[in-house]
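Just query_33.txt here, compact mmCIF, C-alpha atoms:
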# COMPACT_ATOMS: atom_id res chain seq x y z
CA MET A 283 37.92 63.36 -130.88
CA ILE A 284 36.44 59.87 -130.85
CA ASP A 285 37.16 57.31 -133.54
CA LEU A 286 33.98 55.35 -134.27
CA TYR A 287 34.54 52.03 -136.00
CA THR A 288 31.17 51.14 -137.45
CA PHE A 289 28.98 50.03 -140.34
CA THR A 290 25.41 50.67 -141.47
CA THR A 291 23.74 48.06 -139.26
CA PRO A 292 21.38 48.72 -136.34
CA ASN A 293 24.16 48.08 -133.83
CA GLY A 294 26.52 50.28 -135.80
CA ARG A 295 24.07 53.16 -135.83
CA LYS A 296 23.52 53.28 -132.05
CA PRO A 297 26.78 55.05 -131.12
CA ALA A 298 26.50 57.38 -134.13
CA ILE A 299 23.10 58.56 -132.87
CA MET A 300 24.48 58.95 -129.36
CA LEU A 301 27.49 60.95 -130.53
CA GLU A 302 25.20 63.23 -132.51
CA GLU A 303 22.89 63.66 -129.51
CA VAL A 304 25.68 64.60 -127.08
CA GLY A 305 27.56 66.73 -129.59
CA LEU A 306 30.96 65.06 -129.28
CA ALA A 307 33.34 65.31 -132.22
CA TYR A 308 33.91 61.96 -133.86
CA ASN A 309 35.51 60.37 -136.86
CA PRO A 310 33.47 57.54 -138.44
CA ILE A 311 35.67 54.75 -139.77
CA LYS A 312 33.98 52.19 -142.00
CA ILE A 313 34.46 48.55 -141.07
CA ASP A 314 32.85 46.82 -144.02
CA ILE A 315 31.58 43.59 -142.53
CA ARG A 316 30.62 42.38 -146.01
CA LYS A 317 34.32 42.32 -146.91
CA GLY A 318 35.53 40.91 -143.59
CA ASP A 319 37.18 44.12 -142.35
CA GLN A 320 36.18 43.15 -138.80
CA PHE A 321 38.69 40.30 -138.87
CA SER A 322 41.71 42.46 -139.69
CA PRO A 323 44.46 42.39 -137.04
CA GLU A 324 44.08 46.14 -136.59
CA PHE A 325 40.41 45.87 -135.71
CA VAL A 326 40.78 42.71 -133.62
CA ALA A 327 43.23 44.68 -131.49
CA ILE A 328 40.34 47.08 -130.75
CA ASN A 329 37.62 44.44 -130.41
CA PRO A 330 38.79 40.85 -129.89
CA ASN A 331 35.27 39.66 -130.73
CA SER A 332 35.50 41.08 -134.27
CA LYS A 333 32.14 42.86 -134.12
CA ILE A 334 31.18 46.45 -134.83
CA PRO A 335 30.84 48.99 -133.35
CA ALA A 336 33.81 50.05 -131.26
CA ILE A 337 35.23 53.40 -130.23
CA VAL A 338 38.60 54.82 -129.29
CA ASP A 339 38.37 57.95 -127.16
CA LYS A 340 41.55 59.82 -127.99
CA GLU A 341 40.99 62.21 -125.08
CA THR A 342 41.11 59.46 -122.46
CA GLY A 343 42.87 56.67 -124.36
CA ILE A 344 39.95 54.37 -123.53
CA THR A 345 38.76 51.78 -126.06
CA VAL A 346 35.21 50.42 -125.77
CA PHE A 347 33.50 47.64 -127.71
CA GLU A 348 29.90 46.33 -127.47
CA SER A 349 27.29 48.90 -128.42
CA GLY A 350 25.59 48.92 -125.02
CA ALA A 351 28.89 49.49 -123.24
CA ILE A 352 29.67 52.32 -125.66
CA LEU A 353 26.35 54.00 -124.90
CA ILE A 354 26.96 53.75 -121.14
CA TYR A 355 30.49 55.10 -121.55
CA LEU A 356 29.35 58.08 -123.61
CA ALA A 357 26.44 58.77 -121.25
CA GLU A 358 28.78 58.81 -118.26
CA LYS A 359 31.38 60.88 -120.10
CA THR A 360 28.85 63.59 -120.95
CA GLY A 361 26.33 63.25 -118.14
CA GLN A 362 23.49 62.81 -120.62
CA PHE A 363 20.73 60.25 -121.24
CA LEU A 364 21.51 58.06 -118.20
CA PRO A 365 19.99 59.31 -114.92
CA THR A 366 22.03 59.56 -111.74
CA ASP A 367 19.07 58.67 -109.50
CA THR A 368 19.55 54.98 -108.71
CA ALA A 369 15.99 53.82 -109.43
CA GLN A 370 15.75 55.72 -112.70
CA ARG A 371 19.27 54.71 -113.73
CA ILE A 372 18.55 51.02 -113.20
CA LYS A 373 15.32 51.32 -115.18
CA VAL A 374 17.24 52.70 -118.15
CA ILE A 375 19.88 49.98 -117.83
CA GLU A 376 17.15 47.32 -117.62
CA TRP A 377 15.70 48.43 -120.94
CA LEU A 378 19.15 48.78 -122.47
CA MET A 379 19.83 45.15 -121.49
CA PHE A 380 16.41 44.19 -122.88
CA GLN A 381 17.54 45.56 -126.22
CA MET A 382 20.94 43.88 -126.03
CA ALA A 383 19.66 40.48 -124.89
CA SER A 384 16.32 40.24 -126.69
CA VAL A 385 15.53 42.85 -129.34
CA GLY A 386 18.89 42.74 -131.14
CA PRO A 387 19.40 38.98 -131.23
CA MET A 388 15.80 38.09 -132.08
CA PHE A 389 15.30 40.79 -134.72
CA GLY A 390 18.71 39.91 -136.14
CA GLN A 391 17.78 36.25 -136.50
CA LEU A 392 14.51 37.15 -138.21
CA GLY A 393 16.39 39.41 -140.63
CA HIS A 394 18.89 36.67 -141.35
CA PHE A 395 16.44 33.87 -141.98
CA ARG A 396 14.05 36.08 -143.96
CA ASN A 397 16.63 37.85 -146.12
CA TYR A 398 20.01 36.11 -146.09
CA ALA A 399 19.69 32.39 -145.39
CA PRO A 400 20.48 30.36 -148.53
CA GLU A 401 17.49 28.16 -147.75
CA LYS A 402 14.09 29.47 -146.66
CA ILE A 403 13.28 27.66 -143.43
CA PRO A 404 9.63 28.34 -142.52
CA TYR A 405 10.09 27.11 -138.95
CA ALA A 406 12.93 29.55 -138.29
CA ILE A 407 11.13 32.49 -139.91
CA GLU A 408 7.94 31.75 -137.97
CA ARG A 409 9.83 31.32 -134.70
CA TYR A 410 11.71 34.61 -134.90
CA GLU A 411 8.80 36.56 -136.33
CA LYS A 412 6.61 35.41 -133.46
CA GLU A 413 9.23 36.49 -130.93
CA THR A 414 9.80 39.80 -132.71
CA LEU A 415 6.10 40.57 -132.53
CA ARG A 416 6.02 39.57 -128.88
CA LEU A 417 8.84 42.02 -128.18
CA PHE A 418 6.95 44.67 -130.13
CA GLY A 419 4.11 44.06 -127.70
CA VAL A 420 6.36 44.46 -124.67
CA LEU A 421 7.64 47.80 -125.98
CA ASP A 422 4.16 48.90 -127.01
CA GLY A 423 2.91 48.28 -123.48
CA GLU A 424 5.63 50.44 -121.94
CA LEU A 425 5.18 53.17 -124.50
CA GLY A 426 1.49 53.28 -123.69
CA LYS A 427 2.47 54.55 -120.23
CA GLN A 428 5.07 57.18 -121.18
CA GLU A 429 6.62 59.00 -124.13
CA PHE A 430 9.89 57.08 -124.12
CA ILE A 431 10.84 53.53 -123.19
CA ALA A 432 12.17 54.22 -119.68
CA GLY A 433 10.29 57.46 -119.06
CA GLU A 434 12.63 60.25 -120.15
CA TYR A 435 14.60 60.03 -123.39
CA SER A 436 17.64 57.84 -122.74
CA ILE A 437 20.21 55.44 -124.11
CA ALA A 438 17.48 52.77 -123.99
CA ASP A 439 15.67 54.61 -126.80
CA ILE A 440 18.90 55.21 -128.73
CA ALA A 441 19.76 51.49 -128.52
CA THR A 442 16.33 50.24 -129.52
CA TYR A 443 15.35 52.60 -132.32
CA PRO A 444 17.65 51.38 -135.13
CA TRP A 445 16.35 47.83 -134.67
CA VAL A 446 12.65 48.74 -134.60
CA ALA A 447 13.14 51.17 -137.50
CA ALA A 448 14.15 48.16 -139.62
CA TYR A 449 10.65 46.64 -139.33
CA GLU A 450 10.00 46.74 -143.08
CA TYR A 451 13.27 44.93 -143.77
CA LEU A 452 12.20 42.35 -141.18
CA GLY A 453 8.91 41.88 -143.05
CA VAL A 454 6.65 42.95 -140.18
CA THR A 455 4.36 45.91 -139.50
CA LEU A 456 3.90 48.37 -136.65
CA ASP A 457 0.20 48.81 -137.43
CA ASN A 458 -0.88 46.56 -134.55
CA HIS A 459 1.32 48.41 -132.06
CA PRO A 460 0.18 52.05 -132.11
CA ASN A 461 2.29 53.22 -129.17
CA LEU A 462 5.43 51.76 -130.72
CA LYS A 463 4.53 53.30 -134.06
CA ARG A 464 4.09 56.72 -132.43
CA TRP A 465 7.48 56.36 -130.72
CA VAL A 466 9.18 55.45 -134.00
CA GLU A 467 7.80 58.64 -135.58
CA THR A 468 8.97 60.70 -132.58
CA MET A 469 12.45 59.20 -132.77
CA LYS A 470 12.64 59.58 -136.56
CA ASN A 471 12.00 63.30 -136.27
CA ARG A 472 14.92 63.97 -133.93
CA PRO A 473 17.71 65.71 -135.90
CA ALA A 474 20.46 63.77 -134.10
CA VAL A 475 18.73 60.48 -134.90
CA GLN A 476 18.48 61.45 -138.57
CA LYS A 477 22.18 62.36 -138.68
CA GLY A 478 23.26 59.23 -136.81
CA MET A 479 21.22 56.94 -139.02
CA ALA A 480 22.82 58.51 -142.10
CA VAL A 481 26.45 58.03 -141.02
CA LEU A 482 28.38 56.10 -143.70
CA ALA A 483 25.15 55.49 -145.61
CA GLU A 484 25.89 54.67 -149.24
In structure tokens, how does this file's structure come out?
Amino acid sequence: MIDLYTFTTPNGRKPAIMLEEVGLAYNPIKIDIRKGDQFSPEFVAINPNSKIPAIVDKETGITVFESGAILIYLAEKTGQFLPTDTAQRIKVIEWLMFQMASVGPMFGQLGHFRNYAPEKIPYAIERYEKETLRLFGVLDGELGKQEFIAGEYSIADIATYPWVAAYEYLGVTLDNHPNLKRWVETMKNRPAVQKGMAVLAE
């Protein structure tokens, strides 16, 4: 059994999708970031950075925080969605890092300034929307070559989907990126993705 400490954010949904895909038993534990649960001493002991998600693998006693690290850990534990061939493995990790370093932070900033900032700052909204659309273009280009981001279905897709699926919340459209739009529909129709996206949904 794996304890999954999470919330209904794109980052929080990544490991839930992965756990559903690989079929591991898990116990979702809500860390309500709106109430500051992530700063409790109990959770800080699991993740000193006070961010969701995190897991505790009760079989191995291993604790993992950072969503990308969790995906790699679960892929290696189960032998799924991360190739063993060096070239293919690095390609998947490249695109996982692309999500971690670019897609998540940039989309997150756009969501913040468009929906949460107490003051509407046009410069910030325009800056992050422009970068979000640029990243859409990068993904669209790759998905014009193959069905999934790194070729075969992988943790790169699992990491990226919850962020791209939030496009309406971000106030942008997929209409100008047909390959990305097709991929979103493909991902949305996977049963494990549907179950993972619904974990702890209110």
Quiz prompt | From A:Ile431, A:Leu482, A:Leu286, A:Ile313, residue lying nearest A:Thr468 [only C-alpha atoms] | solution =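 Residue with the minimum atom-to-atom distance to A:Thr468: A:Ile431.
Remark: for A:Gly350, the closest of the candidate residues A:Gly426, A:Gly305, A:Gly386, A:Gly393 is A:Gly386 (distances computed over only C-alpha atoms).
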Quiz prompt | Which of A:Ala298, A:Leu378, A:Ile334, A:Ala307 sits closest to A:Asp439 [using all atoms listed in the file] | solution =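 Among A:Ala298, A:Leu378, A:Ile334, A:Ala307, it is A:Leu378 that comes nearest to A:Asp439.
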Self-check item: Contacts of A:Arg464 within 10 Å, only C-alpha atoms, excl. fewer than 4 positions in-chain, as a VMD selection string
Solution: chain A and resid 422 425 to 426 429 456 459 to 460 468 to 470
Quiz item: From the list A:Trp465, A:Glu413, A:His394, A:Ala399, which residue is nearest A:Lys427 when using all atoms listed in the file?
Solution: A:Trp465
Quiz item: When distances are computed from all atoms listed in the file, which of A:Thr442, A:Thr368, A:Asn458, A:Gln362 shows the smallest separation from A:Gly294?
Solution: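 Result for the nearest residue to A:Gly294: A:Thr442.
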Exercise. For each of A:Tyr410, A:Tyr451, A:Tyr443, A:Tyr398, take the minimum atom-to-atom distance to A:Phe430, counting all atoms listed in the file, then give the residue where this is smallest.
Key: A:Tyr443
Assuming 3 Å of padding per side, give the centre and edge lengths of the axis-aligned box around every listed atom of stretch 402-416 of chain A, in Å to one decimal and as AutoDock Vina command-line options.
--center_x 10.1 --center_y 33.8 --center_z -137.8 --size_x 14.1 --size_y 19.5 --size_z 23.8
Exercise. One decimal, Å: what's the distance from atom CA of A:Asn461 over to atom CA of A:Pro297, could you say?
Key: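 Pair atom CA of A:Asn461 / atom CA of A:Pro297 returns 24.6 Å.
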Quiz item: In Å, with one decimal, what is the gap from atom CA of A:Gly433 to atom CA of A:Asn471?
Solution: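 One can read the atom CA of A:Gly433 to atom CA of A:Asn471 distance as 18.3 Å.
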Quiz item: Skipping near chain neighbours, those fewer than 2 positions away, what residues fall within 12 Å of stretch 320-323 of chain A using all atoms listed in the file, listed as a ChimeraX atom specification?
Solution: /A:287-289,311-318,325-336
Practice problem: Just give me the gap between atom CA of A:Leu417 and atom CA of A:Val385 in Å, one decimal is fine. | Solution: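 Interatomic distance, atom CA of A:Leu417 to atom CA of A:Val385: 6.8 Å.
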